[in-house]
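Pasting model.cif here (mmCIF, C-alpha atoms, pLDDT in the B column; chains and numbers go by the auth columns):
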data_upload
#
loop_
_atom_site.group_PDB
_atom_site.id
_atom_site.type_symbol
_atom_site.label_atom_id
_atom_site.label_comp_id
_atom_site.label_asym_id
_atom_site.label_seq_id
_atom_site.Cartn_x
_atom_site.Cartn_y
_atom_site.Cartn_z
_atom_site.B_iso_or_equiv
_atom_site.auth_seq_id
_atom_site.auth_asym_id
ATOM 1 C CA MET A 1 308.007 38.613 135.547 47.00 1 A
ATOM 2 C CA LYS A 2 306.944 38.653 139.204 47.00 2 A
ATOM 3 C CA LEU A 3 303.939 40.794 138.300 49.00 3 A
ATOM 4 C CA LEU A 4 302.732 38.204 135.796 49.00 4 A
ATOM 5 C CA ARG A 5 303.133 35.399 138.329 51.00 5 A
ATOM 6 C CA ALA A 6 301.168 37.367 140.911 51.00 6 A
ATOM 7 C CA ALA A 7 298.400 38.059 138.420 50.00 7 A
ATOM 8 C CA ALA A 8 298.271 34.410 137.388 53.00 8 A
ATOM 9 C CA SER A 9 298.051 33.244 140.986 54.00 9 A
ATOM 10 C CA ARG A 10 295.225 35.686 141.661 55.00 10 A
ATOM 11 C CA TRP A 11 293.285 34.346 138.676 57.00 11 A
ATOM 12 C CA SER A 12 293.779 30.763 139.735 60.00 12 A
ATOM 13 C CA ARG A 13 292.512 31.594 143.227 59.00 13 A
ATOM 14 C CA PHE A 14 289.527 33.343 141.662 59.00 14 A
ATOM 15 C CA ASN A 15 288.786 30.283 139.490 59.00 15 A
ATOM 16 C CA ILE A 16 289.070 27.979 142.511 58.00 16 A
ATOM 17 C CA ILE A 17 286.580 30.099 144.445 61.00 17 A
ATOM 18 C CA LEU A 18 284.127 30.033 141.521 59.00 18 A
ATOM 19 C CA LEU A 19 284.552 26.278 141.186 59.00 19 A
ATOM 20 C CA ASP A 20 283.940 25.760 144.908 62.00 20 A
ATOM 21 C CA LYS A 21 280.738 27.793 144.704 63.00 21 A
ATOM 22 C CA GLN A 22 279.502 25.763 141.729 64.00 22 A
ATOM 23 C CA VAL A 23 280.286 22.472 143.477 61.00 23 A
ATOM 24 C CA ALA A 24 278.563 23.652 146.662 62.00 24 A
ATOM 25 C CA LYS A 25 275.496 24.692 144.676 63.00 25 A
ATOM 26 C CA MET A 26 275.411 21.357 142.848 57.00 26 A
ATOM 27 C CA ALA A 27 275.927 19.374 146.067 52.00 27 A
ATOM 28 C CA GLN A 28 272.829 20.903 147.628 77.00 28 A
ATOM 29 C CA LYS A 29 270.582 19.385 144.980 90.00 29 A
ATOM 30 C CA LYS A 30 269.335 15.845 145.468 95.00 30 A
ATOM 31 C CA ILE A 31 267.943 13.259 143.075 96.00 31 A
ATOM 32 C CA LEU A 32 265.350 10.618 143.882 97.00 32 A
ATOM 33 C CA VAL A 33 266.048 7.475 141.860 97.00 33 A
ATOM 34 C CA GLN A 34 263.433 4.712 141.608 98.00 34 A
ATOM 35 C CA GLN A 35 263.834 1.380 139.873 98.00 35 A
ATOM 36 C CA ILE A 36 260.935 0.718 137.484 97.00 36 A
ATOM 37 C CA ARG A 37 262.176 -2.328 135.559 97.00 37 A
ATOM 38 C CA SER A 38 263.924 -5.525 136.539 97.00 38 A
ATOM 39 C CA GLY A 39 267.661 -5.985 136.267 96.00 39 A
ATOM 40 C CA ILE A 40 267.226 -9.600 135.178 96.00 40 A
ATOM 41 C CA ARG A 41 268.730 -10.313 131.753 96.00 41 A
ATOM 42 C CA THR A 42 270.752 -7.107 131.768 97.00 42 A
ATOM 43 C CA PRO A 43 274.525 -7.036 131.345 97.00 43 A
ATOM 44 C CA LYS A 44 276.578 -7.382 134.524 97.00 44 A
ATOM 45 C CA PRO A 45 277.851 -3.760 134.442 97.00 45 A
ATOM 46 C CA GLN A 46 274.245 -2.544 134.557 97.00 46 A
ATOM 47 C CA LYS A 47 273.456 -4.836 137.499 97.00 47 A
ATOM 48 C CA LEU A 48 276.481 -3.460 139.336 97.00 48 A
ATOM 49 C CA THR A 49 275.383 0.102 138.573 98.00 49 A
ATOM 50 C CA LEU A 50 271.942 -0.612 140.036 98.00 50 A
ATOM 51 C CA LYS A 51 273.609 -2.012 143.145 97.00 51 A
ATOM 52 C CA ALA A 52 275.878 1.041 143.404 97.00 52 A
ATOM 53 C CA LEU A 53 272.799 3.276 143.229 97.00 53 A
ATOM 54 C CA GLY A 54 271.290 1.355 146.147 97.00 54 A
ATOM 55 C CA LEU A 55 268.617 -0.299 144.025 97.00 55 A
ATOM 56 C CA GLY A 56 267.908 -3.937 143.322 95.00 56 A
ATOM 57 C CA ARG A 57 264.166 -4.482 143.282 96.00 57 A
ATOM 58 C CA ILE A 58 261.371 -2.882 141.316 97.00 58 A
ATOM 59 C CA GLY A 59 259.906 0.020 143.269 97.00 59 A
ATOM 60 C CA LYS A 60 262.957 0.561 145.464 97.00 60 A
ATOM 61 C CA GLN A 61 264.002 4.212 145.872 97.00 61 A
ATOM 62 C CA ALA A 62 267.233 5.928 146.811 97.00 62 A
ATOM 63 C CA VAL A 63 268.219 9.573 147.281 96.00 63 A
ATOM 64 C CA HIS A 64 271.587 10.734 145.959 96.00 64 A
ATOM 65 C CA ARG A 65 273.475 13.992 145.602 93.00 65 A
ATOM 66 C CA LYS A 66 273.261 15.485 142.145 93.00 66 A
ATOM 67 C CA ASP A 67 276.801 15.253 140.868 93.00 67 A
ATOM 68 C CA GLU A 68 278.448 14.150 137.662 94.00 68 A
ATOM 69 C CA ALA A 69 279.177 10.614 138.848 95.00 69 A
ATOM 70 C CA THR A 70 275.609 9.952 139.925 96.00 70 A
ATOM 71 C CA LEU A 71 274.181 11.437 136.734 96.00 71 A
ATOM 72 C CA GLY A 72 276.496 9.206 134.709 96.00 72 A
ATOM 73 C CA MET A 73 275.315 6.114 136.568 97.00 73 A
ATOM 74 C CA ILE A 74 271.684 7.089 136.051 97.00 74 A
ATOM 75 C CA ARG A 75 272.354 7.628 132.351 97.00 75 A
ATOM 76 C CA ARG A 76 273.785 4.081 132.112 97.00 76 A
ATOM 77 C CA VAL A 77 270.607 2.493 133.469 97.00 77 A
ATOM 78 C CA ALA A 78 268.081 5.084 132.303 97.00 78 A
ATOM 79 C CA HIS A 79 265.892 2.371 130.782 97.00 79 A
ATOM 80 C CA LEU A 80 265.574 0.696 134.206 97.00 80 A
ATOM 81 C CA VAL A 81 265.055 3.708 136.494 98.00 81 A
ATOM 82 C CA THR A 82 263.305 7.035 136.807 97.00 82 A
ATOM 83 C CA ALA A 83 264.983 10.034 138.385 96.00 83 A
ATOM 84 C CA LYS A 84 263.620 13.341 139.546 96.00 84 A
ATOM 85 C CA GLU A 85 265.199 16.264 141.324 95.00 85 A
ATOM 86 C CA ILE A 86 263.961 16.951 144.837 93.00 86 A
ATOM 87 C CA SER A 87 264.500 19.910 147.126 83.00 87 A
ATOM 88 C CA GLU A 88 265.908 19.515 150.587 70.00 88 A
#
How does the structure come out when it is put into structure tokens?
Amino acid sequence: MKLLRAAASRWSRFNIILLDKQVAKMAQKKILVQQIRSGIRTPKPQKLTLKALGLGRIGKQAVHRKDEATLGMIRRVAHLVTAKEISE
């Protein structure tokens, strides 16, 4: 029984290390987001998403880390913004 527990703990440590490497790799990437359309006459959640992305006027740009939360926000307002990956 102790052998199985030891093996399981080793695997979980291994998975944590792999996860940390993936997160570190993803955190290094950046996304440039630019607003191309107005937020006027859009639902309030979309206006709040634009504000959370640091946008608010046409032509305004913001740089964000490429992570799941940011990609989800960009997906919500994809019709109002353009996004492209940049290297650091």
Counting only C-alpha atoms, which residue out of A:Ile58, A:Lys66, A:Lys29, A:Pro45 sits closest to A:Leu80? A:Ile58
If you apply the PyMOL selection byres ((chain A and resi 57) around 9) to this file, what residues do you get, as a PyMOL selection string? chain A and resi 35-39+55-56+58-60
If you keep C-alpha atoms, can you produce a file of those selected residues as a short mmCIF file (atom, residue, chain, number, x, y, z; two decimals), keeping the file's coordinate frame?
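Written output follows (again.cif):
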data_model
loop_
_atom_site.label_atom_id
_atom_site.label_comp_id
_atom_site.auth_asym_id
_atom_site.auth_seq_id
_atom_site.Cartn_x
_atom_site.Cartn_y
_atom_site.Cartn_z
CA GLN A 35 263.83 1.38 139.87
CA ILE A 36 260.94 0.72 137.48
CA ARG A 37 262.18 -2.33 135.56
CA SER A 38 263.92 -5.52 136.54
CA GLY A 39 267.66 -5.98 136.27
CA LEU A 55 268.62 -0.30 144.02
CA GLY A 56 267.91 -3.94 143.32
CA ILE A 58 261.37 -2.88 141.32
CA GLY A 59 259.91 0.02 143.27
CA LYS A 60 262.96 0.56 145.46
#
Go through A:Val33, A:Glu88, A:Gln61, A:Lys51 and flag the residue nearest A:Ile74, using only C-alpha atoms for the distances. A:Val33
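From atom CA of A:Ile40 back to atom CA of A:Ile86, the distance works out to 28.4 Å.
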Residues picked by the PyMOL selection byres ((chain A and resi 76) around 12) here, as an MDAnalysis selection string? chainID A and resid 42:43 45:50 52:53 69:75 77:82
Contacts of A:Ser87 at 10 Å or less, counting only C-alpha atoms, minus same-chain residues fewer than 4 places along, as JSON, numbers by chain? {"A": [28, 29, 30, 31, 32]}
N, CA and C atoms are what I want for stretch 43-78 of chain A; can you complete it accordingly and write them as a compact mmCIF listing (two decimals), in the frame of the given file?
# COMPACT_ATOMS: atom_id res chain seq x y z
N PRO A 43 273.10 -6.77 131.21
CA PRO A 43 274.52 -7.04 131.34
C PRO A 43 275.02 -6.78 132.77
N LYS A 44 276.07 -7.48 133.16
CA LYS A 44 276.58 -7.38 134.52
C LYS A 44 276.94 -5.95 134.93
N PRO A 45 277.56 -5.14 134.04
CA PRO A 45 277.85 -3.76 134.44
C PRO A 45 276.61 -2.97 134.86
N GLN A 46 275.48 -3.24 134.20
CA GLN A 46 274.24 -2.54 134.56
C GLN A 46 273.73 -3.02 135.91
N LYS A 47 273.86 -4.32 136.18
CA LYS A 47 273.46 -4.84 137.50
C LYS A 47 274.30 -4.21 138.60
N LEU A 48 275.59 -4.07 138.34
CA LEU A 48 276.48 -3.46 139.34
C LEU A 48 276.16 -1.98 139.53
N THR A 49 275.77 -1.31 138.47
CA THR A 49 275.38 0.10 138.57
C THR A 49 274.13 0.25 139.42
N LEU A 50 273.15 -0.64 139.21
CA LEU A 50 271.94 -0.61 140.04
C LEU A 50 272.30 -0.81 141.51
N LYS A 51 273.20 -1.74 141.77
CA LYS A 51 273.61 -2.01 143.15
C LYS A 51 274.33 -0.79 143.74
N ALA A 52 275.16 -0.15 142.93
CA ALA A 52 275.88 1.04 143.40
C ALA A 52 274.92 2.19 143.70
N LEU A 53 273.81 2.24 142.98
CA LEU A 53 272.80 3.28 143.23
C LEU A 53 271.91 2.94 144.43
N GLY A 54 272.09 1.75 144.99
CA GLY A 54 271.29 1.36 146.15
C GLY A 54 269.95 0.77 145.75
N LEU A 55 269.86 0.28 144.52
CA LEU A 55 268.62 -0.30 144.02
C LEU A 55 268.81 -1.80 143.86
N GLY A 56 267.78 -2.50 143.51
CA GLY A 56 267.91 -3.94 143.32
C GLY A 56 266.57 -4.60 143.08
N ARG A 57 265.51 -3.95 143.49
CA ARG A 57 264.17 -4.48 143.28
C ARG A 57 263.29 -3.41 142.66
N ILE A 58 262.30 -3.84 141.93
CA ILE A 58 261.37 -2.88 141.32
C ILE A 58 260.65 -2.12 142.42
N GLY A 59 260.58 -0.81 142.28
CA GLY A 59 259.91 0.02 143.27
C GLY A 59 260.82 0.58 144.34
N LYS A 60 262.04 0.07 144.44
CA LYS A 60 262.96 0.56 145.46
C LYS A 60 263.44 1.96 145.09
N GLN A 61 263.60 2.82 146.10
CA GLN A 61 264.00 4.21 145.87
C GLN A 61 265.27 4.52 146.65
N ALA A 62 266.03 5.47 146.13
CA ALA A 62 267.23 5.93 146.81
C ALA A 62 267.42 7.41 146.50
N VAL A 63 267.94 8.15 147.47
CA VAL A 63 268.22 9.57 147.28
C VAL A 63 269.73 9.75 147.20
N HIS A 64 270.16 10.50 146.19
CA HIS A 64 271.59 10.73 145.96
C HIS A 64 271.83 12.22 145.73
N ARG A 65 273.07 12.64 145.97
CA ARG A 65 273.48 13.99 145.60
C ARG A 65 273.50 14.10 144.09
N LYS A 66 273.21 15.28 143.59
CA LYS A 66 273.26 15.48 142.15
C LYS A 66 274.68 15.91 141.78
N ASP A 67 275.46 14.95 141.34
CA ASP A 67 276.80 15.25 140.87
C ASP A 67 277.05 14.48 139.58
N GLU A 68 278.17 14.74 138.98
CA GLU A 68 278.45 14.15 137.66
C GLU A 68 278.50 12.63 137.70
N ALA A 69 279.06 12.06 138.75
CA ALA A 69 279.18 10.61 138.85
C ALA A 69 277.80 9.96 138.94
N THR A 70 276.95 10.51 139.77
CA THR A 70 275.61 9.95 139.93
C THR A 70 274.81 10.09 138.63
N LEU A 71 274.91 11.24 137.99
CA LEU A 71 274.18 11.44 136.73
C LEU A 71 274.67 10.47 135.66
N GLY A 72 275.96 10.18 135.66
CA GLY A 72 276.50 9.21 134.71
C GLY A 72 275.96 7.81 134.96
N MET A 73 275.86 7.43 136.24
CA MET A 73 275.32 6.11 136.57
C MET A 73 273.85 6.02 136.16
N ILE A 74 273.10 7.08 136.42
CA ILE A 74 271.68 7.09 136.05
C ILE A 74 271.53 7.00 134.53
N ARG A 75 272.40 7.68 133.81
CA ARG A 75 272.35 7.63 132.35
C ARG A 75 272.60 6.20 131.84
N ARG A 76 273.47 5.45 132.53
CA ARG A 76 273.79 4.08 132.11
C ARG A 76 272.59 3.14 132.24
N VAL A 77 271.75 3.38 133.23
CA VAL A 77 270.61 2.49 133.47
C VAL A 77 269.29 3.25 133.34
N ALA A 78 269.26 4.23 132.46
CA ALA A 78 268.08 5.08 132.30
C ALA A 78 266.84 4.30 131.89
